[in-house]
Every structure is written in C-alpha cells, then in structure tokens.
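Working notes, structure below.
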Amino acid sequence: EIEIPTMDLRPVFGILAMLAVRSPGAAVAIASHKEILPVLLSFCISPSNHNFDYRNIVNNCVDHKSSREQYTGTGTGTDTGIERSEFCKTATPALQLLCIIARQSRDVAQLELFETIIPDLQAILCMSEESGPQKWSLILLRTLLQYGLSLQHTQSIISLATPHITVMSDDPHKLSAEYLTLFARFC
C-alpha cells in the first residue's frame, strides 16, 4: 500500500495534467495505472480523508431534500471553513486532471476509475457553498455524459441541480449555468 505524505499535491496534479494535455498516450497511461491516480484521488477527493461526511449529505440530498436549506456543512457539525478550504485546494486540481484525462477519449472515460468517483462527485455537489470542486465536478460529469456514460446517475443529478436552477441568479459564481450546460448533454 502506498502512503502519501501530507504535502501539497497541487504540483503533482499540475505535472500530470500537463503531460495528459500534450499527449493522449500519456493520459491513457496515467488513467490506466493501477496505483498512481487512484491513490492520489482517494487522498484528495474521497470523503473518508476529510473530517466531514459527504456521503451522508449525498444520501439525504438524493432523497429530494434541499441541501441549501438543511445542510450547511455535514449535518455532524464537525467541518470548519479551514477544512473546507483545504479540501477545495486539493480537490480542484485533482478534478481538473480528471477532466483533462476524460476528454482525451471515450475509452479512457470508460475506465472503472471514472465510475467509482461518481458518488464522490455527487457528494461534492451537495456542499452548501458553491466552489471550484463543484464546478469541476459538473464539467467532469458533462464530459462523461457526452460519451453516454453515467446515465444511470441522471435522476440524482437532477435532484441536486433543482435548487440551483430554480433560484437563477446573475452572480457569475453561481453554478446555474454549469448545470444547464450539463443538461444540454441529455438532449
């Protein structure tokens, strides 16, 4: 088992993203490697590595409860702005890398790695504050839907999007436009 030291992984994701953008073969190699990407992603995106329980939020959000009204954090009262900020710092570059890799080809996007992170993406979308990880989660979902993948998660994505789309705003940082672009892939 690989242990990851507690360091800033943003440069690692930046280097991998640079390689993936410049070479589709490198993107396939990065995505297909049995340890590199899964370990890095579990460290940066997986809720088990953070002090707030996103899976609990997802279960409640998918049950058609409004995440904006009922979940200002985790429901457990253990997350803080610092923890959320650290999560955003590590999750955003990880999700950007996944978006770059998934865009290379449908064959890459069909790898098991992309299917296993869907619950984590849904958990990120349930966060009460709109953030960079939410935007990149939507972009990744949009890419997967473009290839006809992850269609079985459509109902839960619609449930997550409803609060964002029903309260349209002119604020450029809102995710309404990202959700509407995502839904354009369904049509």
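By convention here, the chains of the structure tokens are called A, B, ... in the order presented, each chain's residues are numbered starting at 1, and ligands are numbered starting at 1 in the order presented.
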Inset, instruction - Write out as a PyMOL selection string all residues of region 112-159 of chain A that DSSP puts in alpha helix (DSSP H) for this structure's backbone. - result: chain A and resi 112-116+118-125+132-146+154-159
Please, could you write that set of residues out with C-alpha atoms as an mmCIF file, in the first residue's frame?
data_model
loop_
_atom_site.group_PDB
_atom_site.id
_atom_site.type_symbol
_atom_site.label_atom_id
_atom_site.label_comp_id
_atom_site.auth_asym_id
_atom_site.auth_seq_id
_atom_site.Cartn_x
_atom_site.Cartn_y
_atom_site.Cartn_z
ATOM 1 C CA GLU A 112 -13.552 1.933 -13.834
ATOM 2 C CA LEU A 113 -11.834 4.870 -12.148
ATOM 3 C CA PHE A 114 -14.404 7.305 -13.516
ATOM 4 C CA GLU A 115 -17.353 5.177 -12.435
ATOM 5 C CA THR A 116 -16.037 4.763 -8.890
ATOM 6 C CA ILE A 118 -19.342 9.365 -9.203
ATOM 7 C CA PRO A 119 -20.574 9.109 -5.570
ATOM 8 C CA ASP A 120 -17.780 11.457 -4.503
ATOM 9 C CA LEU A 121 -18.743 13.909 -7.258
ATOM 10 C CA GLN A 122 -22.351 13.793 -6.079
ATOM 11 C CA ALA A 123 -21.178 14.434 -2.521
ATOM 12 C CA ILE A 124 -19.162 17.441 -3.664
ATOM 13 C CA LEU A 125 -22.221 18.791 -5.478
ATOM 14 C CA GLY A 132 -14.265 25.219 -7.513
ATOM 15 C CA PRO A 133 -14.650 21.484 -6.832
ATOM 16 C CA GLN A 134 -18.361 21.742 -7.611
ATOM 17 C CA LYS A 135 -17.684 23.454 -10.933
ATOM 18 C CA TRP A 136 -15.096 20.869 -11.959
ATOM 19 C CA SER A 137 -17.344 18.025 -10.808
ATOM 20 C CA LEU A 138 -20.029 19.307 -13.159
ATOM 21 C CA ILE A 139 -17.538 19.628 -16.005
ATOM 22 C CA LEU A 140 -16.403 16.045 -15.445
ATOM 23 C CA LEU A 141 -19.983 14.783 -15.326
ATOM 24 C CA ARG A 142 -20.721 16.733 -18.507
ATOM 25 C CA THR A 143 -17.758 15.059 -20.235
ATOM 26 C CA LEU A 144 -18.886 11.610 -19.124
ATOM 27 C CA LEU A 145 -22.441 12.302 -20.303
ATOM 28 C CA GLN A 146 -21.096 13.498 -23.637
ATOM 29 C CA THR A 154 -29.232 11.166 -14.094
ATOM 30 C CA GLN A 155 -32.044 11.170 -11.542
ATOM 31 C CA SER A 156 -29.771 12.041 -8.635
ATOM 32 C CA ILE A 157 -28.031 14.751 -10.685
ATOM 33 C CA ILE A 158 -31.400 16.317 -11.492
ATOM 34 C CA SER A 159 -32.265 16.268 -7.777
#
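Around Ile101 (chain A), within 9 Å and counting only C-alpha atoms, the residues found are Ala17, Ala20, Val21, Pro24, Ala27, Val28, Ile30, Ala31, Gln96, Val108 and Ala109 of chain A, once anything fewer than 5 positions away on its own chain is removed.
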Selected residues written out with N, CA, C and O atoms, as an mmCIF file, in the first residue's frame:
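So the final result, stored in again-v8.cif, reads:
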data_model
loop_
_atom_site.group_PDB
_atom_site.id
_atom_site.type_symbol
_atom_site.label_atom_id
_atom_site.label_comp_id
_atom_site.auth_asym_id
_atom_site.auth_seq_id
_atom_site.Cartn_x
_atom_site.Cartn_y
_atom_site.Cartn_z
ATOM 1 N N ALA A 17 -1.363 16.776 -15.325
ATOM 2 C CA ALA A 17 -2.281 17.428 -16.270
ATOM 3 C C ALA A 17 -1.528 17.924 -17.491
ATOM 4 O O ALA A 17 -2.012 17.788 -18.622
ATOM 5 N N ALA A 20 -0.853 14.974 -19.657
ATOM 6 C CA ALA A 20 -2.082 14.459 -20.264
ATOM 7 C C ALA A 20 -2.573 15.350 -21.398
ATOM 8 O O ALA A 20 -3.091 14.860 -22.403
ATOM 9 N N VAL A 21 -2.410 16.665 -21.263
ATOM 10 C CA VAL A 21 -2.855 17.590 -22.306
ATOM 11 C C VAL A 21 -2.006 17.438 -23.550
ATOM 12 O O VAL A 21 -2.505 17.444 -24.673
ATOM 13 N N PRO A 24 -2.093 12.291 -25.685
ATOM 14 C CA PRO A 24 -3.202 11.389 -25.360
ATOM 15 C C PRO A 24 -2.709 10.043 -24.827
ATOM 16 O O PRO A 24 -3.343 9.447 -23.962
ATOM 17 N N ALA A 27 -2.086 10.424 -21.231
ATOM 18 C CA ALA A 27 -3.354 10.461 -20.493
ATOM 19 C C ALA A 27 -3.876 9.049 -20.252
ATOM 20 O O ALA A 27 -4.328 8.718 -19.150
ATOM 21 N N VAL A 28 -3.798 8.211 -21.268
ATOM 22 C CA VAL A 28 -4.235 6.823 -21.128
ATOM 23 C C VAL A 28 -3.368 6.108 -20.101
ATOM 24 O O VAL A 28 -3.869 5.370 -19.249
ATOM 25 N N ILE A 30 -1.651 7.409 -17.589
ATOM 26 C CA ILE A 30 -1.939 7.924 -16.246
ATOM 27 C C ILE A 30 -3.241 7.327 -15.718
ATOM 28 O O ILE A 30 -3.317 6.861 -14.581
ATOM 29 N N ALA A 31 -4.267 7.326 -16.548
ATOM 30 C CA ALA A 31 -5.572 6.816 -16.121
ATOM 31 C C ALA A 31 -5.560 5.305 -15.919
ATOM 32 O O ALA A 31 -6.277 4.785 -15.063
ATOM 33 N N GLN A 96 -9.598 18.788 -12.043
ATOM 34 C CA GLN A 96 -9.131 19.331 -13.322
ATOM 35 C C GLN A 96 -8.361 18.269 -14.094
ATOM 36 O O GLN A 96 -8.541 18.120 -15.311
ATOM 37 N N VAL A 108 -10.835 6.091 -22.478
ATOM 38 C CA VAL A 108 -10.284 6.493 -21.189
ATOM 39 C C VAL A 108 -11.414 6.778 -20.207
ATOM 40 O O VAL A 108 -11.376 6.362 -19.051
ATOM 41 N N ALA A 109 -12.446 7.475 -20.661
ATOM 42 C CA ALA A 109 -13.564 7.828 -19.787
ATOM 43 C C ALA A 109 -14.348 6.600 -19.326
ATOM 44 O O ALA A 109 -15.052 6.660 -18.322
#
Inset, instruction - For Leu41 (chain A), work out the shell of residues within 12 Å, counting only C-alpha atoms and skipping chain neighbours fewer than 5 positions away, then give it as a ChimeraX atom specification. - result: /A:4,9-10,12-13,31,35-36,46-49,87,90-98,113-114,116-117,120-121
Inset, instruction - Can you pull out every residue within 10 Å of Leu180 (chain A), counting only C-alpha atoms, but drop anything in the same chain fewer than 4 positions away, and send it as a PyMOL selection string? - result: chain A and resi 161+164-165+175-176+184-185
